[in-house]
Amino acid sequence: MGYKPPVCFKKTLFNLIMTERKVRVRFAPSPTGALHIGGVRTALYNYLFARQHGGEFIFRIEDTDSNRFVPGAEEYILESFKWLGIPFDEGVSFGGNHGPYRQSERRDIYKKYVQILLDADKAYIAFDTPEELEAKRKEIANFQYDASTRMQMRNSLTMSKEEVDKWIAEGRQYVVRFKIEPNEDVHVHDLIRGEVVINSSILDDKVLYKSADELPTYHLANIVDDHLMEVSHVIRGEEWLPSAPLHVLLYRAFGWEDTMPAFAHLPLLLKPEGNGKLSKRDGDRLGFPVFPLEWHDPKTGEVSSGYRESGYLPEAVINFLALLGWNPGNDQELMSMDELVKLFDLSHCSKAGAKFDYKKGIWFNHEYILQKPDEEIAQLFKPVLEGQGIDLSQYSDAYLTRVVSLVKGRVNFVKELWEQARFFFQAPTSYAEKDVKKRWSEDTPRIMSELMEVLRGIEDFSSKPSEDIVIGWITEKGYHMGNVMNAFRLAVVGECKGPHMFDITELIGKEETLKRIQRAIDEIGK
Ligand code: GLU
């Protein structure tokens, strides 16, 4: 037997994480306003990842910055995911046994962990007032509160224990800062970006806790919660990548390296033109929403459009967002949520930012309208019809469904069905001028009267039989096919557009068809 190489046990970090831990991911927005569409994509990727691995998806509210709290934001976020069809397994409003899931309700927990860092000499108390900090900034160019400056500041490293205790007892405000050791390479393993290394000297001694509101900052609360909630993977936007080294150091300070979650920082969403970060202004400028639902800003009163109110189907939004920064490895574009769950793969996420091609979003909506059963689209069409003053009791669901089937290929949004289908509900009251000019000549009224006679005689008014008879009559008479059919269409529709003529007449019926032709004869050319 020849040489047999040893079995290679080398596992990638990814495999290790995948095989050894229960997948638990979280979406952790701060309730500071409407949920940006980038946040929706982050949540979607977390959800796909969780479902694919039989894991759990947690909804956590990070509301430790009381200055930025906006009432209604939490409810808005929840409603958005309900509309989009992204369910959570655990969290605010869903329950679970790792709660509470609202950070403002976890003050005591954070206090305990701040104390652990203080006791271990990994953090310290700092009393520097804003004025003192400002003075230092003036004194030292590019001042940073870190190993090189902390011994010049007013903190528990430079004060005696008695003095610190006295100041606290006096009720002086303080913060707790993380004591970052300088000159150390910090490695962040990112499932999308690979290994990111930065030197700890560039980090400042971040504030972890503020006595003023007895609340931790984002960094501390985020790490403590991810640990306590047993989060296995942190999948979030690229804007959080700069915080990751600090987070790694915090995990280490607590001695939690072994259960540190794996990181995956998703690519930025870019302006449609590709230069710079997507902002709400881009949406205003080009006319597309950047929020899932319409948002009424409680402070300014400003109303911002939402995908839901703009007439997007949630399935289309999901599919559109899924492909902003990820692809299935081939050029398949239309994927249901279930397919996405099967195909999603973090290693197919791009590092480069994803252009927010909102026109592609419109295309997806068109495709999903085509895909969705006509009966369902008919239901969505009802409010649009009512808005146009149509009495729905006059029309059966079957009628509406048939109308939808005839025109839905022409629209990108359900509301556009009205423009394409109004003649199924209202006789024309005017006739397109250019079509009249082109198609209505002196002897048209006579031919239309003849046509009325022909139509009257048709017993089965359904599409194919009436078409055969009318076409037969035109041919037999030697009339110009285009002219007669277009005049017929002009009379029934009001202009020379729309679906197959005899599909229209079948639906509106013989009596209505005759009425409309008679009216055109009476009105046009008057
Ligand atoms: N609260 C942060 C946010 O608003 C969470 C960032 C993270 O996922 O770590 O996005």
# chains A, B, ... in the order shown; residues from 1 in each chain; ligands from 1
call {"tool": "closest_atom_pairs", "arguments": {"of": "chain A", "to": "ligand 1", "cutoff": "6 Å", "atoms": "only C-alpha atoms and all ligand atoms", "output": "CSV"}}
result
residue,atom,partner,partner_atom_place_in_ligand_line,distance
A:Ala28,CA,ligand 1,5 (C),4.8
A:Pro29,CA,ligand 1,4 (O),3.9
A:Ser30,CA,ligand 1,4 (O),4.2
A:Glu62,CA,ligand 1,1 (N),5.0
A:Arg236,CA,ligand 1,8 (O),4.9
call {"tool": "write_last_selection", "arguments": {"atoms": "C-alpha atoms", "output": "mmCIF file, in the first residue's frame"}}
result
data_model
loop_
_atom_site.group_PDB
_atom_site.id
_atom_site.type_symbol
_atom_site.label_atom_id
_atom_site.label_comp_id
_atom_site.auth_asym_id
_atom_site.auth_seq_id
_atom_site.Cartn_x
_atom_site.Cartn_y
_atom_site.Cartn_z
ATOM 1 C CA ALA A 28 -31.343 44.877 17.820
ATOM 2 C CA PRO A 29 -32.601 48.227 16.605
ATOM 3 C CA SER A 30 -32.519 51.423 18.582
ATOM 4 C CA GLU A 62 -31.526 48.871 22.324
ATOM 5 C CA ARG A 236 -25.230 43.516 11.178
#
call {"tool": "closest_atom_pairs", "arguments": {"of": "region 299-418 of chain A", "to": "region 84-97 of chain A", "cutoff": "8 Å", "atoms": "only C-alpha atoms", "output": "tab-separated table"}}
result
residue	atom	partner	partner_atom	distance
A:Pro314	CA	A:Leu84	CA	4.9
A:Glu315	CA	A:Leu84	CA	7.1
A:Val317	CA	A:Leu84	CA	7.8
A:Ile318	CA	A:Leu84	CA	7.1
call {"tool": "closest_atom_pairs", "arguments": {"of": "region 227-323 of chain A", "to": "region 174-190 of chain A", "cutoff": "12 Å", "atoms": "only C-alpha atoms", "output": "CSV"}}
result
residue,atom,partner,partner_atom,distance
A:His233,CA,A:Asp190,CA,10.1
A:Val234,CA,A:Asp190,CA,9.6
A:Ile235,CA,A:Asp190,CA,9.6
A:Arg236,CA,A:Asp190,CA,11.0
A:Glu238,CA,A:Asp190,CA,10.9
A:Trp240,CA,A:Asp190,CA,12.0
A:Leu241,CA,A:Val188,CA,9.2
A:Pro242,CA,A:Val188,CA,10.2
A:Ser243,CA,A:Val188,CA,10.3
A:Ala244,CA,A:Val188,CA,6.8
A:Pro245,CA,A:Val186,CA,6.0
A:Leu246,CA,A:Val186,CA,8.5
A:His247,CA,A:Val188,CA,9.3
A:Val248,CA,A:Val188,CA,7.0
A:Leu249,CA,A:Val186,CA,7.6
A:Leu250,CA,A:Phe178,CA,8.3
A:Tyr251,CA,A:Val188,CA,11.7
A:Arg252,CA,A:Val186,CA,10.7
A:Ala253,CA,A:Phe178,CA,9.4
A:Phe254,CA,A:Phe178,CA,11.6
A:Glu257,CA,A:Val188,CA,11.8
A:Met260,CA,A:His189,CA,10.7
A:Pro261,CA,A:His189,CA,9.9
A:Ala262,CA,A:Asp190,CA,6.9
A:Phe263,CA,A:Asp190,CA,4.9
A:Ala264,CA,A:Asp190,CA,5.1
A:His265,CA,A:Asp190,CA,6.9
A:Leu266,CA,A:Asp190,CA,9.9
call {"tool": "residues_around", "arguments": {"residues": "Ile458 (chain A)", "least_positions_apart": "6", "cutoff": "9 Å", "atoms": "only C-alpha atoms", "output": "VMD selection string"}}
result
chain A and resid 465 to 466 469 510
call {"tool": "residues_around", "arguments": {"residues": "Phe423 (chain A)", "least_positions_apart": "3", "cutoff": "6 Å", "atoms": "only C-alpha atoms", "output": "list in words"}}
result
Gln426, Ala427 and Val493 of chain A
call {"tool": "closest_residue", "arguments": {"among": "A:Thr149, A:Ser462, A:Gln371, A:Gln394", "to": "Phe502 (chain A)", "atoms": "only C-alpha atoms"}}
result
A:Ser462
call {"tool": "residues_around", "arguments": {"residues": "Gly33 (chain A)", "least_positions_apart": "3", "cutoff": "8 Å", "atoms": "only C-alpha atoms", "output": "PyMOL selection string"}}
result
chain A and resi 69-70+72-73+297
call {"tool": "closest_residue", "arguments": {"among": "A:Gln52, A:Gln420, A:Thr513, A:Thr475", "to": "Leu455 (chain A)", "atoms": "only C-alpha atoms"}}
result
A:Thr513
call {"tool": "residues_around", "arguments": {"residues": "region 130-144 of chain A", "least_positions_apart": "2", "cutoff": "12 Å", "atoms": "only C-alpha atoms", "output": "list in words"}}
result
Ala126, Phe127, Asp128, Asp146, Ala147, Ser148, Thr149, Arg150, Gln152, Met153, Arg154, Gln173, Tyr174, Val175, Ser201, Ile202, Leu203, Asp204, Asp205 and Lys206 of chain A
call {"tool": "write_last_selection", "arguments": {"atoms": "N, CA, C and O atoms", "output": "compact mmCIF listing (two decimals), in the first residue's frame"}}
result
# COMPACT_ATOMS: atom_id res chain seq x y z
N ALA A 126 -14.46 57.71 35.92
CA ALA A 126 -13.88 59.01 35.51
C ALA A 126 -14.88 60.13 35.80
O ALA A 126 -16.07 60.01 35.48
N PHE A 127 -14.36 61.19 36.43
CA PHE A 127 -15.23 62.30 36.84
C PHE A 127 -15.10 63.53 35.94
O PHE A 127 -15.73 64.55 36.21
N ASP A 128 -14.24 63.46 34.94
CA ASP A 128 -13.97 64.65 34.13
C ASP A 128 -15.28 65.29 33.64
O ASP A 128 -16.13 64.61 33.09
N ASP A 146 -7.07 57.82 26.50
CA ASP A 146 -6.54 56.46 26.37
C ASP A 146 -5.32 56.28 27.26
O ASP A 146 -5.04 57.14 28.12
N ALA A 147 -4.57 55.23 27.03
CA ALA A 147 -3.42 54.92 27.88
C ALA A 147 -2.42 56.07 27.95
O ALA A 147 -1.75 56.26 28.97
N SER A 148 -2.35 56.85 26.88
CA SER A 148 -1.36 57.92 26.86
C SER A 148 -1.82 59.15 27.62
O SER A 148 -1.01 60.01 27.95
N THR A 149 -3.08 59.27 27.91
CA THR A 149 -3.59 60.49 28.56
C THR A 149 -4.33 60.22 29.87
O THR A 149 -4.53 61.14 30.66
N ARG A 150 -4.76 59.00 30.08
CA ARG A 150 -5.67 58.76 31.22
C ARG A 150 -5.06 59.15 32.56
O ARG A 150 -5.77 59.51 33.49
N GLN A 152 -3.46 61.70 33.19
CA GLN A 152 -3.53 63.16 33.39
C GLN A 152 -4.96 63.59 33.72
O GLN A 152 -5.24 64.78 33.80
N MET A 153 -5.86 62.63 33.82
CA MET A 153 -7.27 62.99 33.94
C MET A 153 -7.78 62.72 35.37
O MET A 153 -7.09 62.13 36.19
N ARG A 154 -9.03 63.17 35.58
CA ARG A 154 -9.59 63.03 36.92
C ARG A 154 -10.39 61.72 37.00
O ARG A 154 -11.57 61.67 36.64
N GLN A 173 -21.40 63.38 39.22
CA GLN A 173 -21.63 62.54 38.03
C GLN A 173 -20.31 61.91 37.59
O GLN A 173 -19.26 62.55 37.66
N TYR A 174 -20.41 60.69 37.13
CA TYR A 174 -19.20 60.03 36.61
C TYR A 174 -19.57 59.09 35.47
O TYR A 174 -20.76 58.82 35.24
N VAL A 175 -18.54 58.66 34.79
CA VAL A 175 -18.74 57.60 33.79
C VAL A 175 -17.77 56.48 34.11
O VAL A 175 -16.78 56.69 34.81
N SER A 201 -4.07 50.59 20.09
CA SER A 201 -3.68 51.97 20.41
C SER A 201 -4.57 53.00 19.73
O SER A 201 -4.63 54.15 20.18
N ILE A 202 -5.22 52.63 18.66
CA ILE A 202 -6.08 53.62 18.01
C ILE A 202 -7.44 53.75 18.71
O ILE A 202 -8.21 54.66 18.43
N LEU A 203 -7.71 52.83 19.63
CA LEU A 203 -9.01 52.90 20.33
C LEU A 203 -8.91 53.80 21.55
O LEU A 203 -7.87 53.89 22.19
N ASP A 204 -10.02 54.45 21.87
CA ASP A 204 -10.03 55.24 23.10
C ASP A 204 -10.70 54.44 24.22
O ASP A 204 -11.34 53.41 23.97
N ASP A 205 -10.53 54.91 25.42
CA ASP A 205 -11.14 54.24 26.58
C ASP A 205 -12.64 54.55 26.56
O ASP A 205 -13.11 55.52 27.18
N LYS A 206 -13.36 53.73 25.86
CA LYS A 206 -14.79 54.00 25.63
C LYS A 206 -15.60 54.06 26.93
O LYS A 206 -15.35 53.29 27.86
call {"tool": "select_by_dssp", "arguments": {"residues": "region 44-85 of chain A", "states": "helix (DSSP H, G or I)", "output": "list in words"}}
result
Leu44, Tyr45, Asn46, Tyr47, Leu48, Phe49, Ala50, Arg51, Gln52, Ser66, Asn67, Arg68, Ala73, Glu74, Glu75, Tyr76, Ile77, Leu78, Glu79, Ser80, Phe81, Lys82, Trp83 and Leu84 of chain A
call {"tool": "residues_around", "arguments": {"residues": "Ile508 (chain A)", "least_positions_apart": "2", "cutoff": "12 Å", "atoms": "only C-alpha atoms", "output": "MDAnalysis selection string"}}
result
chainID A and resid 394:395 399:400 402:403 421:427 461:463 492:493 501:506 510:516
call {"tool": "atom_distance", "arguments": {"atom1": "CA of Arg102 (chain A)", "atom2": "CA of Ile61 (chain A)"}}
result
4.8 Å
call {"tool": "closest_residue", "arguments": {"among": "A:Asp226, A:Asp443, A:Asp522, A:Glu495", "to": "His98 (chain A)", "atoms": "only C-alpha atoms"}}
result
A:Asp226
call {"tool": "closest_residue", "arguments": {"among": "A:Met229, A:Leu78, A:Leu293, A:Leu157", "to": "Tyr101 (chain A)", "atoms": "only C-alpha atoms"}}
result
A:Met229
call {"tool": "atom_distance", "arguments": {"atom1": "CA of Glu239 (chain A)", "atom2": "CA of Leu268 (chain A)"}}
result
7.6 Å
call {"tool": "atom_distance", "arguments": {"atom1": "CA of Leu269 (chain A)", "atom2": "CA of Ser66 (chain A)"}}
result
27.4 Å
call {"tool": "select_by_dssp", "arguments": {"residues": "region 286-508 of chain A", "states": "strand (DSSP E)", "output": "list in words"}}
result
Trp295, His296, Val303, Ser304, Ala354 and Lys355 of chain A
